[in-house]
$ cat run.cif   # mmCIF, C-alpha atoms
data_protein
loop_
_atom_site.label_atom_id
_atom_site.label_comp_id
_atom_site.auth_asym_id
_atom_site.auth_seq_id
_atom_site.Cartn_x
_atom_site.Cartn_y
_atom_site.Cartn_z
CA MET A 1 1.36 -3.20 21.08
CA ARG A 2 0.12 -3.29 24.75
CA ALA A 3 0.49 0.47 24.92
CA ALA A 4 -0.84 0.95 21.44
CA ALA A 5 -4.41 1.89 20.66
CA ALA A 6 -6.11 0.50 17.59
CA GLY A 7 -8.67 2.80 15.97
CA LEU A 8 -11.73 3.43 13.58
CA LEU A 9 -10.60 3.58 9.88
CA CYS A 10 -6.84 1.94 9.20
CA LEU A 11 -0.69 -2.31 10.22
CA ALA A 12 -0.68 -2.45 12.05
CA VAL A 13 0.15 -2.05 14.34
CA PRO A 14 -0.47 -0.32 17.54
CA ALA A 15 -1.38 3.36 18.60
CA GLY A 16 -1.24 5.11 22.02
CA GLY A 17 -3.82 3.82 24.50
CA ALA A 18 -4.77 4.68 28.08
CA PHE A 19 -4.32 2.23 30.95
CA ALA A 20 -7.10 1.64 33.46
CA ALA A 21 -7.32 4.09 36.33
CA ASP A 22 -7.15 2.97 39.95
CA ASP A 23 -10.44 1.88 41.47
CA GLU A 24 -10.45 4.97 43.66
CA GLU A 25 -10.14 7.29 40.64
CA GLU A 26 -13.00 8.31 38.39
CA LYS A 27 -12.80 7.04 34.85
CA PRO A 28 -12.73 9.80 32.20
CA ALA A 29 -16.15 10.68 30.80
CA VAL A 30 -14.76 11.05 27.27
CA PRO A 31 -12.43 8.45 25.69
CA ASN A 32 -9.13 9.26 23.99
CA ILE A 33 -9.86 10.46 20.46
CA TYR A 34 -7.04 11.14 18.00
CA LEU A 35 -5.71 10.80 14.48
CA ASP A 36 -2.85 8.31 14.66
CA LEU A 37 -0.96 9.97 11.80
CA ARG A 38 1.69 7.67 10.33
CA THR A 39 4.17 8.59 7.58
CA ILE A 40 5.83 5.56 5.98
CA HIS A 41 8.78 5.25 3.60
CA ALA A 42 9.52 1.80 2.21
CA THR A 43 11.79 0.14 -0.34
CA ILE A 44 10.54 -3.10 -1.89
CA PRO A 45 12.74 -5.54 -3.86
CA ALA A 46 11.76 -6.72 -7.33
CA GLY A 47 9.41 -9.67 -7.54
CA THR A 48 7.60 -9.27 -4.23
CA LEU A 49 4.92 -7.27 -2.41
CA ALA A 50 4.99 -4.91 0.59
CA LEU A 51 4.97 -7.42 3.43
CA GLY A 52 6.01 -7.39 7.08
CA PHE A 53 4.52 -6.32 10.41
CA GLY A 54 1.11 -4.68 9.94
CA ASN A 55 1.72 -3.12 6.52
CA THR A 56 -1.96 -3.12 5.55
CA SER A 57 -1.98 0.18 3.63
CA LEU A 58 1.23 -0.47 1.68
CA SER A 59 0.38 -4.09 0.93
CA ALA A 60 -3.09 -3.12 -0.35
CA ALA A 61 -1.56 -0.57 -2.72
CA PHE A 62 1.03 -3.00 -4.10
CA GLN A 63 -1.36 -5.95 -4.32
CA ALA A 64 -3.74 -3.85 -6.40
CA LEU A 65 -0.82 -2.59 -8.50
CA ALA A 66 0.28 -6.17 -9.13
CA ALA A 67 -3.20 -7.32 -10.16
CA GLN A 68 -3.86 -4.31 -12.41
CA ARG A 69 -0.45 -4.04 -14.10
CA GLY A 70 0.83 -7.59 -13.90
CA THR A 71 0.00 -8.43 -17.51
CA SER A 72 1.88 -5.33 -18.71
CA LEU A 73 5.04 -6.23 -16.75
CA PRO A 74 6.54 -9.18 -18.68
CA ASN A 75 9.56 -9.36 -16.40
CA GLY A 76 7.49 -9.41 -13.20
CA LEU A 77 7.16 -6.78 -10.51
CA PRO A 78 10.06 -4.28 -10.53
CA ALA A 79 11.82 -2.89 -7.47
CA ALA A 80 9.83 -0.04 -5.95
CA LYS A 81 9.93 2.81 -3.46
CA SER A 82 6.87 4.10 -1.70
CA ILE A 83 5.75 6.91 0.58
CA ALA A 84 2.43 6.40 2.36
CA ILE A 85 0.39 8.40 4.85
CA ASP A 86 -2.10 6.64 7.12
CA LEU A 87 -4.89 8.65 8.78
CA PRO A 88 -6.81 6.36 11.12
CA LEU A 89 -9.25 8.07 13.50
CA THR A 90 -8.79 6.22 16.79
CA VAL A 91 -11.15 5.99 19.77
CA ASP A 92 -10.08 4.31 23.02
CA VAL A 93 -13.48 3.01 24.08
CA SER A 94 -12.00 1.75 27.38
CA ASP A 95 -8.64 0.68 28.79
CA ARG A 96 -9.24 -2.67 27.04
CA VAL A 97 -10.78 -1.79 23.67
CA SER A 98 -9.88 0.65 20.88
CA LEU A 99 -11.61 1.17 17.53
CA TYR A 100 -10.07 2.79 14.47
CA GLY A 101 -10.73 3.55 10.83
CA GLY A 102 -9.48 5.84 8.10
CA VAL A 103 -7.86 6.18 4.72
CA SER A 104 -4.33 5.81 3.38
CA GLY A 105 -2.63 7.62 0.52
CA THR A 106 0.40 6.41 -1.40
CA THR A 107 2.88 7.56 -4.01
CA THR A 108 5.19 5.00 -5.64
CA ASP A 109 8.25 4.92 -7.86
CA ILE A 110 8.74 1.73 -9.90
CA GLY A 111 11.53 3.13 -12.02
CA GLY A 112 9.78 5.80 -14.07
CA GLY A 113 9.52 8.51 -11.42
CA TRP A 114 7.09 9.12 -8.59
CA SER A 115 3.37 8.68 -9.26
CA SER A 116 0.79 11.22 -8.11
CA PHE A 117 -0.23 10.95 -4.47
CA ASP A 118 -3.63 9.24 -4.34
CA ILE A 119 -5.94 7.63 -1.80
CA THR A 120 -5.15 3.91 -2.25
CA SER A 121 -7.01 2.15 0.59
CA TRP A 122 -9.36 2.46 3.54
CA ASN A 123 -9.25 0.46 6.76
CA ILE A 124 -11.36 -0.35 9.80
CA GLY A 125 -10.24 -2.32 12.83
CA VAL A 126 -10.37 -3.12 16.51
CA GLN A 127 -7.76 -3.85 19.17
CA ALA A 128 -8.85 -5.50 22.41
CA ASP A 129 -7.19 -6.94 25.50
CA LEU A 130 -8.87 -10.31 25.87
CA TYR A 131 -7.09 -10.73 29.21
CA GLN A 132 -5.00 -8.33 31.31
CA GLN A 133 -2.10 -9.51 33.46
CA ASN A 134 -2.51 -6.89 36.23
CA GLY A 135 0.36 -8.30 38.28
CA GLY A 136 -0.59 -11.95 37.80
CA LYS A 137 1.26 -14.82 36.18
CA ILE A 138 -0.77 -15.02 32.97
CA PRO A 139 0.36 -12.49 30.33
CA THR A 140 -1.88 -9.89 28.77
CA ILE A 141 -3.48 -11.32 25.61
CA THR A 142 -4.26 -8.77 22.87
CA LEU A 143 -6.14 -9.30 19.62
CA GLN A 144 -5.95 -6.79 16.76
CA SER A 145 -7.98 -7.26 13.55
CA THR A 146 -7.88 -4.92 10.54
CA LEU A 147 -9.88 -5.04 7.32
CA THR A 148 -8.29 -3.14 4.41
CA GLN A 149 -9.74 -2.51 0.94
CA SER A 150 -7.81 -0.96 -1.91
CA VAL A 151 -9.18 2.04 -3.78
CA PRO A 152 -10.65 2.44 -6.41
CA ASN A 153 -13.30 -0.28 -6.32
CA GLU A 154 -12.66 -1.92 -9.70
CA GLN A 155 -11.15 -4.98 -11.38
CA GLY A 156 -8.02 -5.95 -9.46
CA MET A 157 -9.28 -4.45 -6.17
CA THR A 158 -7.95 -6.27 -3.09
CA ASN A 159 -9.36 -6.97 0.35
CA SER A 160 -6.99 -8.00 3.12
CA PHE A 161 -7.81 -9.23 6.62
CA ASN A 162 -4.93 -8.89 9.08
CA ASN A 163 -5.07 -10.53 12.52
CA ILE A 164 -2.49 -10.25 15.31
CA VAL A 165 -2.54 -12.15 18.60
CA GLU A 166 0.13 -10.96 21.04
CA PHE A 167 1.13 -12.12 24.53
CA ASP A 168 2.70 -9.46 26.80
CA TYR A 169 4.33 -10.66 30.04
CA ALA A 170 5.35 -7.72 32.26
CA VAL A 171 8.13 -8.46 34.76
CA ASP A 172 7.53 -5.46 37.05
CA GLU A 173 4.50 -3.95 38.75
CA ASP A 174 4.55 -0.76 36.67
CA GLU A 175 4.64 -2.80 33.44
CA THR A 176 7.67 -0.91 32.12
CA ARG A 177 9.66 -4.07 31.29
CA GLY A 178 8.47 -7.27 29.71
CA TRP A 179 8.55 -9.96 27.06
CA LEU A 180 6.42 -10.32 23.93
CA ALA A 181 5.38 -13.20 21.69
CA GLY A 182 2.83 -13.24 18.94
CA LEU A 183 1.40 -14.35 15.63
CA GLN A 184 0.32 -12.25 12.64
CA TYR A 185 -1.80 -13.86 9.91
CA THR A 186 -2.91 -12.01 6.75
CA THR A 187 -5.25 -13.24 4.02
CA VAL A 188 -6.00 -11.44 0.74
CA THR A 189 -8.75 -11.72 -1.86
CA ILE A 190 -8.58 -10.09 -5.32
CA ALA A 191 -11.47 -9.02 -7.55
CA SER A 192 -10.02 -10.94 -10.48
CA PRO A 193 -10.57 -14.58 -11.51
CA PHE A 194 -7.00 -14.77 -12.81
CA ALA A 195 -5.04 -13.59 -9.74
CA THR A 196 -4.34 -15.13 -6.33
CA ILE A 197 -2.27 -14.03 -3.34
CA ARG A 198 -1.65 -16.69 -0.73
CA PRO A 199 -1.58 -16.00 3.05
CA ASN A 200 1.30 -14.35 4.90
CA THR A 201 2.23 -15.50 8.44
CA ILE A 202 4.69 -14.04 10.97
CA LEU A 203 5.62 -15.81 14.21
CA TYR A 204 7.69 -13.55 16.48
CA ALA A 205 9.11 -12.86 19.94
CA GLY A 206 10.56 -9.74 21.57
CA GLY A 207 10.60 -7.45 24.55
CA TYR A 208 10.31 -3.85 25.73
CA TYR A 209 11.78 -1.43 28.26
CA GLN A 210 10.41 1.97 29.32
CA TRP A 211 12.72 4.43 31.07
CA PRO A 212 11.57 6.82 33.86
CA SER A 213 11.73 9.60 31.25
CA ASN A 214 8.87 7.78 29.43
CA TRP A 215 10.92 6.82 26.39
CA LYS A 216 10.05 3.24 25.44
CA PHE A 217 12.01 0.78 23.28
CA THR A 218 10.40 -2.33 21.80
CA GLY A 219 11.99 -5.00 19.63
CA ARG A 220 10.40 -7.88 17.71
CA LEU A 221 12.22 -10.59 15.75
CA GLY A 222 10.31 -13.22 13.82
CA MET A 223 10.05 -15.54 10.85
CA GLN A 224 7.78 -14.57 7.96
CA SER A 225 6.29 -17.16 5.60
CA PHE A 226 4.57 -16.00 2.40
CA GLY A 227 2.81 -18.33 -0.02
CA GLY A 228 3.45 -16.28 -3.17
CA ALA A 229 1.25 -14.51 -5.75
CA GLN A 230 0.17 -15.55 -9.27
CA LEU A 231 -1.57 -13.78 -12.16
CA ALA A 232 -2.90 -15.65 -15.21
CA GLY A 233 -0.69 -18.63 -14.42
CA ARG A 234 2.42 -16.45 -14.10
CA THR A 235 4.30 -15.94 -10.84
CA LEU A 236 4.26 -12.32 -9.68
CA ALA A 237 5.87 -12.92 -6.28
CA GLU A 238 7.74 -16.02 -5.15
CA SER A 239 6.94 -17.81 -1.89
CA PHE A 240 9.54 -17.54 0.89
CA THR A 241 10.25 -18.08 4.58
CA GLN A 242 12.65 -15.44 5.90
CA PRO A 243 13.38 -13.38 9.06
CA VAL A 244 11.82 -10.01 9.83
CA LEU A 245 12.98 -7.46 12.42
CA ARG A 246 11.07 -4.49 13.83
CA LEU A 247 12.39 -1.86 16.29
CA ASP A 248 10.20 0.83 17.89
CA LEU A 249 11.19 3.91 19.89
CA ASP A 250 8.25 5.79 21.42
CA ARG A 251 7.81 8.83 23.63
CA MET A 252 4.96 8.21 26.07
CA ASP A 253 3.22 10.41 28.64
CA ASP A 254 2.57 9.46 32.28
CA ASN A 255 -0.67 7.70 31.30
CA ASP A 256 1.06 5.67 28.58
CA ASN A 257 -0.39 7.63 25.67
CA ARG A 258 1.99 7.79 22.71
CA LEU A 259 3.23 11.30 21.90
CA PHE A 260 5.74 10.39 19.19
CA GLY A 261 7.15 7.21 17.69
CA ILE A 262 9.60 5.97 15.09
CA THR A 263 9.70 2.43 13.74
CA ALA A 264 12.41 0.75 11.65
CA GLN A 265 11.76 -2.58 9.95
CA ILE A 266 13.87 -4.94 7.85
CA ALA A 267 12.07 -7.83 6.16
CA TRP A 268 13.99 -10.31 4.02
CA MET A 269 11.90 -11.44 0.98
CA PRO A 270 14.54 -12.94 0.48
CA LYS A 271 16.29 -9.68 -0.46
CA PRO A 272 15.90 -7.08 2.30
CA SER A 273 13.03 -4.59 2.28
CA TYR A 274 13.46 -1.49 4.44
CA GLN A 275 10.74 0.58 6.04
CA VAL A 276 10.75 3.62 8.36
CA THR A 277 7.55 4.91 9.99
CA LEU A 278 7.02 8.17 11.89
CA ARG A 279 4.00 8.25 14.25
CA THR A 280 2.74 11.65 15.32
CA PRO A 281 -0.70 11.28 16.96
CA LEU A 282 -2.95 14.33 16.79
CA TYR A 283 -5.17 14.30 19.90
CA ALA A 284 -8.64 15.79 20.07
CA VAL A 285 -9.04 14.31 23.59
CA ARG A 286 -6.15 12.93 25.67
CA ASN A 287 -6.79 11.61 29.17
#
$ encode --input "run.cif" --output "structure tokens"
Amino acid sequence: MRAAAAGLLCLAVPAGGAFAADDEEEKPAVPNIYLDLRTIHATIPAGTLALGFGNTSLSAAFQALAAQRGTSLPNGLPAAKSIAIDLPLTVDVSDRVSLYGGVSGTTTDIGGGWSSFDITSWNIGVQADLYQQNGGKIPTITLQSTLTQSVPNEQGMTNSFNNIVEFDYAVDEDETRGWLAGLQYTTVTIASPFATIRPNTILYAGGYYQWPSNWKFTGRLGMQSFGGAQLAGRTLAESFTQPVLRLDLDRMDDNDNRLFGITAQIAWMPKPSYQVTLRTPLYAVRN
């Protein structure tokens, strides 16, 4: 997440950012500007929503689906498969701050075949280093906040607010090895007086290693606690506290901009949910 840049319209979860230049170097006149294209495939067990690390676009789509179709699903939410594409336009304002925003499209299969691919949410957010380690003893502290609203704007529409605070302690001067710890907290509101979705919290720890070839591996293991979801007095998704694992492999350039990334996630809810994400940033400006 330290190397990731958060941008202007969309779970995050981290995009390629530029580190500060040396004092003797001139800072670039134009910030990094790119589409942080993400292609996501997920499987979701019956009776739950699309939860886990930074799944704002998928969760918005399934929360809205639950609120809109819950009364027509007498046996609760079925198992589902989903393919989503996130298109957040990202601007690295500085080496500390990135803004992003965009739209997400989703197609789902809940047992009757794949639905048409539609725009299902839009997002805006910011990622900022509140403190940078820069060789000191205090770790870098990063805050990422994302607001997501499902589309269309009608009964059952959802708004989610996802906040991540992460601590990154580098153990070498080049910041290619280090330890991570963090907290993700997500709240959701629904435009329906009959439905509620309680908060989702993830507490996690992990680490990263970047080879001289600029391939970077990051792992995060945590515990996820979800309060459940109800519609008209009926339980749509049970509450649970279960582990979640995320593994990232990224190809960086010499300035720590992401060129390519793949993420694998397993979240137990309590049955396992699997997700694979491909990240292929499309740069308009890359410093």
$ residues_around --input "run.cif" --residues "Trp215 of chain A" --least-positions-apart "6" --cutoff "7 Å" --atoms "all atoms listed in the file" --output "VMD selection string"
chain A and resid 250 to 252
$ atom_distance --input "run.cif" --atom1 "atom CA of Thr196 of chain A" --atom2 "atom CA of Pro243 of chain A"
23.5 Å
$ atom_distance --input "run.cif" --atom1 "atom CA of Gly102 of chain A" --atom2 "atom CA of Arg220 of chain A"
26.0 Å
$ closest_residue --input "run.cif" --among "A:Ser121, A:Gln133, A:Asn257, A:Gln265" --to "Leu282 of chain A" --atoms "only C-alpha atoms"
A:Asn257
$ residues_around --input "run.cif" --residues "segment 143-150 of chain A" --least-positions-apart "2" --cutoff "6 Å" --atoms "only C-alpha atoms" --output "list in words"
Ala60, Thr120, Ser121, Trp122, Asn123, Ile124, Gly125, Val126, Gln127, Ala128, Met157, Thr158, Asn159, Ser160, Phe161, Asn162, Asn163, Ile164 and Val165 of chain A
$ resolve_selection --input "run.cif" --expression "the PyMOL selection byres ((chain A and resi 216) around 9)" --output "list in words"
Thr176, Tyr208, Tyr209, Gln210, Trp211, Ser213, Asn214, Trp215, Phe217, Thr218, Asp248, Leu249, Asp250, Arg251 and Met252 of chain A
$ atom_distance --input "run.cif" --atom1 "atom CA of Ala232 of chain A" --atom2 "atom CA of Phe194 of chain A"
4.8 Å
$ resolve_selection --input "run.cif" --expression "the PyMOL selection byres ((chain A and resi 223-231) around 8)" --output "compact mmCIF listing (two decimals) with C-alpha atoms, in the frame of the given file"
# COMPACT_ATOMS: atom_id res chain seq x y z
CA GLY A 52 6.01 -7.39 7.08
CA ALA A 67 -3.20 -7.32 -10.16
CA GLY A 70 0.83 -7.59 -13.90
CA THR A 71 0.00 -8.43 -17.51
CA PHE A 194 -7.00 -14.77 -12.81
CA ALA A 195 -5.04 -13.59 -9.74
CA THR A 196 -4.34 -15.13 -6.33
CA ILE A 197 -2.27 -14.03 -3.34
CA ARG A 198 -1.65 -16.69 -0.73
CA PRO A 199 -1.58 -16.00 3.05
CA ASN A 200 1.30 -14.35 4.90
CA THR A 201 2.23 -15.50 8.44
CA ILE A 202 4.69 -14.04 10.97
CA LEU A 203 5.62 -15.81 14.21
CA TYR A 204 7.69 -13.55 16.48
CA LEU A 221 12.22 -10.59 15.75
CA GLY A 222 10.31 -13.22 13.82
CA ALA A 232 -2.90 -15.65 -15.21
CA GLY A 233 -0.69 -18.63 -14.42
CA ARG A 234 2.42 -16.45 -14.10
CA THR A 235 4.30 -15.94 -10.84
CA LEU A 236 4.26 -12.32 -9.68
CA ALA A 237 5.87 -12.92 -6.28
CA GLU A 238 7.74 -16.02 -5.15
CA SER A 239 6.94 -17.81 -1.89
CA PHE A 240 9.54 -17.54 0.89
CA THR A 241 10.25 -18.08 4.58
CA GLN A 242 12.65 -15.44 5.90
CA PRO A 243 13.38 -13.38 9.06
CA VAL A 244 11.82 -10.01 9.83
$ residues_around --input "run.cif" --residues "Ser82 of chain A" --least-positions-apart "2" --cutoff "9 Å" --atoms "all atoms listed in the file" --output "ChimeraX atom specification"
/A:40-44,58,80,84,106-110,114
$ write_last_selection --input "run.cif" --atoms "C-alpha atoms" --output "PDB file, in the frame of the given file"
ATOM      1  CA  ILE A  40       5.830   5.560   5.980  1.00  0.00           C
ATOM      2  CA  HIS A  41       8.780   5.250   3.600  1.00  0.00           C
ATOM      3  CA  ALA A  42       9.520   1.800   2.210  1.00  0.00           C
ATOM      4  CA  THR A  43      11.790   0.140  -0.340  1.00  0.00           C
ATOM      5  CA  ILE A  44      10.540  -3.100  -1.890  1.00  0.00           C
ATOM      6  CA  LEU A  58       1.230  -0.470   1.680  1.00  0.00           C
ATOM      7  CA  ALA A  80       9.830  -0.040  -5.950  1.00  0.00           C
ATOM      8  CA  ALA A  84       2.430   6.400   2.360  1.00  0.00           C
ATOM      9  CA  THR A 106       0.400   6.410  -1.400  1.00  0.00           C
ATOM     10  CA  THR A 107       2.880   7.560  -4.010  1.00  0.00           C
ATOM     11  CA  THR A 108       5.190   5.000  -5.640  1.00  0.00           C
ATOM     12  CA  ASP A 109       8.250   4.920  -7.860  1.00  0.00           C
ATOM     13  CA  ILE A 110       8.740   1.730  -9.900  1.00  0.00           C
ATOM     14  CA  TRP A 114       7.090   9.120  -8.590  1.00  0.00           C
TER      15      TRP A 114
END
$ closest_residue --input "run.cif" --among "A:Ser273, A:Thr280, A:Ile85, A:Phe53" --to "Leu259 of chain A" --atoms "only C-alpha atoms"
A:Thr280
$ closest_residue --input "run.cif" --among "A:Gly105, A:Leu89, A:Gly156, A:Leu51" --to "Pro193 of chain A" --atoms "only C-alpha atoms"
A:Gly156
$ closest_residue --input "run.cif" --among "A:Glu154, A:Glu175, A:Asp36, A:Asp86" --to "Pro139 of chain A" --atoms "all atoms listed in the file"
A:Glu175
$ closest_residue --input "run.cif" --among "A:Gly207, A:Asp254, A:Thr189, A:Ala50" --to "Arg177 of chain A" --atoms "all atoms listed in the file"
A:Gly207
$ residues_around --input "run.cif" --residues "segment 166-169 of chain A" --least-positions-apart "4" --cutoff "6 Å" --atoms "all atoms listed in the file" --output "MDAnalysis selection string"
chainID A and resid 139:142 178:182
$ closest_residue --input "run.cif" --among "A:Asn255, A:Arg96, A:Asp174, A:Pro212" --to "Asp129 of chain A" --atoms "all atoms listed in the file"
A:Arg96
$ residues_around --input "run.cif" --residues "Leu247 of chain A" --least-positions-apart "2" --cutoff "6 Å" --atoms "only C-alpha atoms" --output "VMD selection string"
chain A and resid 218 to 219 263 to 264
$ resolve_selection --input "run.cif" --expression "the PyMOL selection byres ((chain A and resi 31) around 8)" --output "list in words"
Pro28, Ala29, Val30, Asn32, Ile33, Val91, Asp92, Val93, Ser94, Val285, Arg286 and Asn287 of chain A
$ axis_aligned_box --input "run.cif" --around "segment 139-150 of chain A" --padding-each-side "6 Å" --output "JSON"
{"center_x": -4.8, "center_y": -6.7, "center_z": 14.2, "size_x": 22.2, "size_y": 23.5, "size_z": 44.2}
$ build_atoms --input "run.cif" --residues "segment 100-130 of chain A" --atoms "N, CA and C atoms" --output "CSV table (one decimal), keeping the file's coordinate frame"
chain,number,residue,atom,x,y,z
A,100,TYR,N,-10.7,1.9,15.4
A,100,TYR,CA,-10.1,2.8,14.5
A,100,TYR,C,-10.6,2.6,13.0
A,101,GLY,N,-10.4,3.6,12.2
A,101,GLY,CA,-10.7,3.6,10.8
A,101,GLY,C,-10.3,4.8,10.1
A,102,GLY,N,-9.9,4.7,8.9
A,102,GLY,CA,-9.5,5.8,8.1
A,102,GLY,C,-9.1,5.5,6.7
A,103,VAL,N,-8.3,6.4,6.1
A,103,VAL,CA,-7.9,6.2,4.7
A,103,VAL,C,-6.3,6.3,4.7
A,104,SER,N,-5.8,5.8,3.6
A,104,SER,CA,-4.3,5.8,3.4
A,104,SER,C,-4.1,6.3,2.0
A,105,GLY,N,-3.1,7.2,1.8
A,105,GLY,CA,-2.6,7.6,0.5
A,105,GLY,C,-1.2,7.2,0.2
A,106,THR,N,-0.9,7.0,-1.0
A,106,THR,CA,0.4,6.4,-1.4
A,106,THR,C,0.9,7.0,-2.7
A,107,THR,N,2.2,7.3,-2.8
A,107,THR,CA,2.9,7.6,-4.0
A,107,THR,C,4.0,6.6,-4.2
A,108,THR,N,4.2,6.0,-5.4
A,108,THR,CA,5.2,5.0,-5.6
A,108,THR,C,6.1,5.4,-6.8
A,109,ASP,N,7.3,4.8,-6.8
A,109,ASP,CA,8.2,4.9,-7.9
A,109,ASP,C,8.7,3.5,-8.2
A,110,ILE,N,8.3,3.0,-9.4
A,110,ILE,CA,8.7,1.7,-9.9
A,110,ILE,C,9.7,1.8,-11.1
A,111,GLY,N,10.5,3.0,-11.0
A,111,GLY,CA,11.5,3.1,-12.0
A,111,GLY,C,11.3,4.2,-13.0
A,112,GLY,N,10.1,4.7,-13.1
A,112,GLY,CA,9.8,5.8,-14.1
A,112,GLY,C,9.4,7.1,-13.4
A,113,GLY,N,9.8,7.3,-12.2
A,113,GLY,CA,9.5,8.5,-11.4
A,113,GLY,C,8.3,8.3,-10.5
A,114,TRP,N,8.1,9.2,-9.6
A,114,TRP,CA,7.1,9.1,-8.6
A,114,TRP,C,5.7,9.4,-9.2
A,115,SER,N,4.8,8.5,-8.8
A,115,SER,CA,3.4,8.7,-9.3
A,115,SER,C,2.7,9.8,-8.5
A,116,SER,N,1.5,10.2,-8.9
A,116,SER,CA,0.8,11.2,-8.1
A,116,SER,C,0.3,10.6,-6.8
A,117,PHE,N,0.2,11.4,-5.8
A,117,PHE,CA,-0.2,11.0,-4.5
A,117,PHE,C,-1.7,10.8,-4.5
A,118,ASP,N,-2.2,9.5,-4.3
A,118,ASP,CA,-3.6,9.2,-4.3
A,118,ASP,C,-4.1,8.4,-3.1
A,119,ILE,N,-5.4,8.5,-2.8
A,119,ILE,CA,-5.9,7.6,-1.8
A,119,ILE,C,-6.0,6.2,-2.4
A,120,THR,N,-5.3,5.3,-1.7
A,120,THR,CA,-5.2,3.9,-2.2
A,120,THR,C,-5.8,2.8,-1.4
A,121,SER,N,-6.3,3.2,-0.2
A,121,SER,CA,-7.0,2.2,0.6
A,121,SER,C,-7.8,2.8,1.7
A,122,TRP,N,-8.7,2.1,2.3
A,122,TRP,CA,-9.4,2.5,3.5
A,122,TRP,C,-9.4,1.3,4.5
A,123,ASN,N,-9.4,1.5,5.8
A,123,ASN,CA,-9.2,0.5,6.8
A,123,ASN,C,-10.2,0.7,7.9
A,124,ILE,N,-10.7,-0.4,8.5
A,124,ILE,CA,-11.4,-0.4,9.8
A,124,ILE,C,-10.8,-1.5,10.7
A,125,GLY,N,-10.8,-1.3,12.0
A,125,GLY,CA,-10.2,-2.3,12.8
A,125,GLY,C,-10.6,-2.1,14.3
A,126,VAL,N,-10.2,-3.1,15.1
A,126,VAL,CA,-10.4,-3.1,16.5
A,126,VAL,C,-9.2,-3.8,17.2
A,127,GLN,N,-8.8,-3.2,18.3
A,127,GLN,CA,-7.8,-3.8,19.2
A,127,GLN,C,-8.3,-4.0,20.6
A,128,ALA,N,-8.2,-5.2,21.1
A,128,ALA,CA,-8.8,-5.5,22.4
A,128,ALA,C,-7.9,-6.4,23.2
A,129,ASP,N,-7.8,-6.1,24.5
A,129,ASP,CA,-7.2,-6.9,25.5
A,129,ASP,C,-8.2,-8.0,25.9
A,130,LEU,N,-8.0,-9.2,25.5
A,130,LEU,CA,-8.9,-10.3,25.9
A,130,LEU,C,-8.7,-10.7,27.3
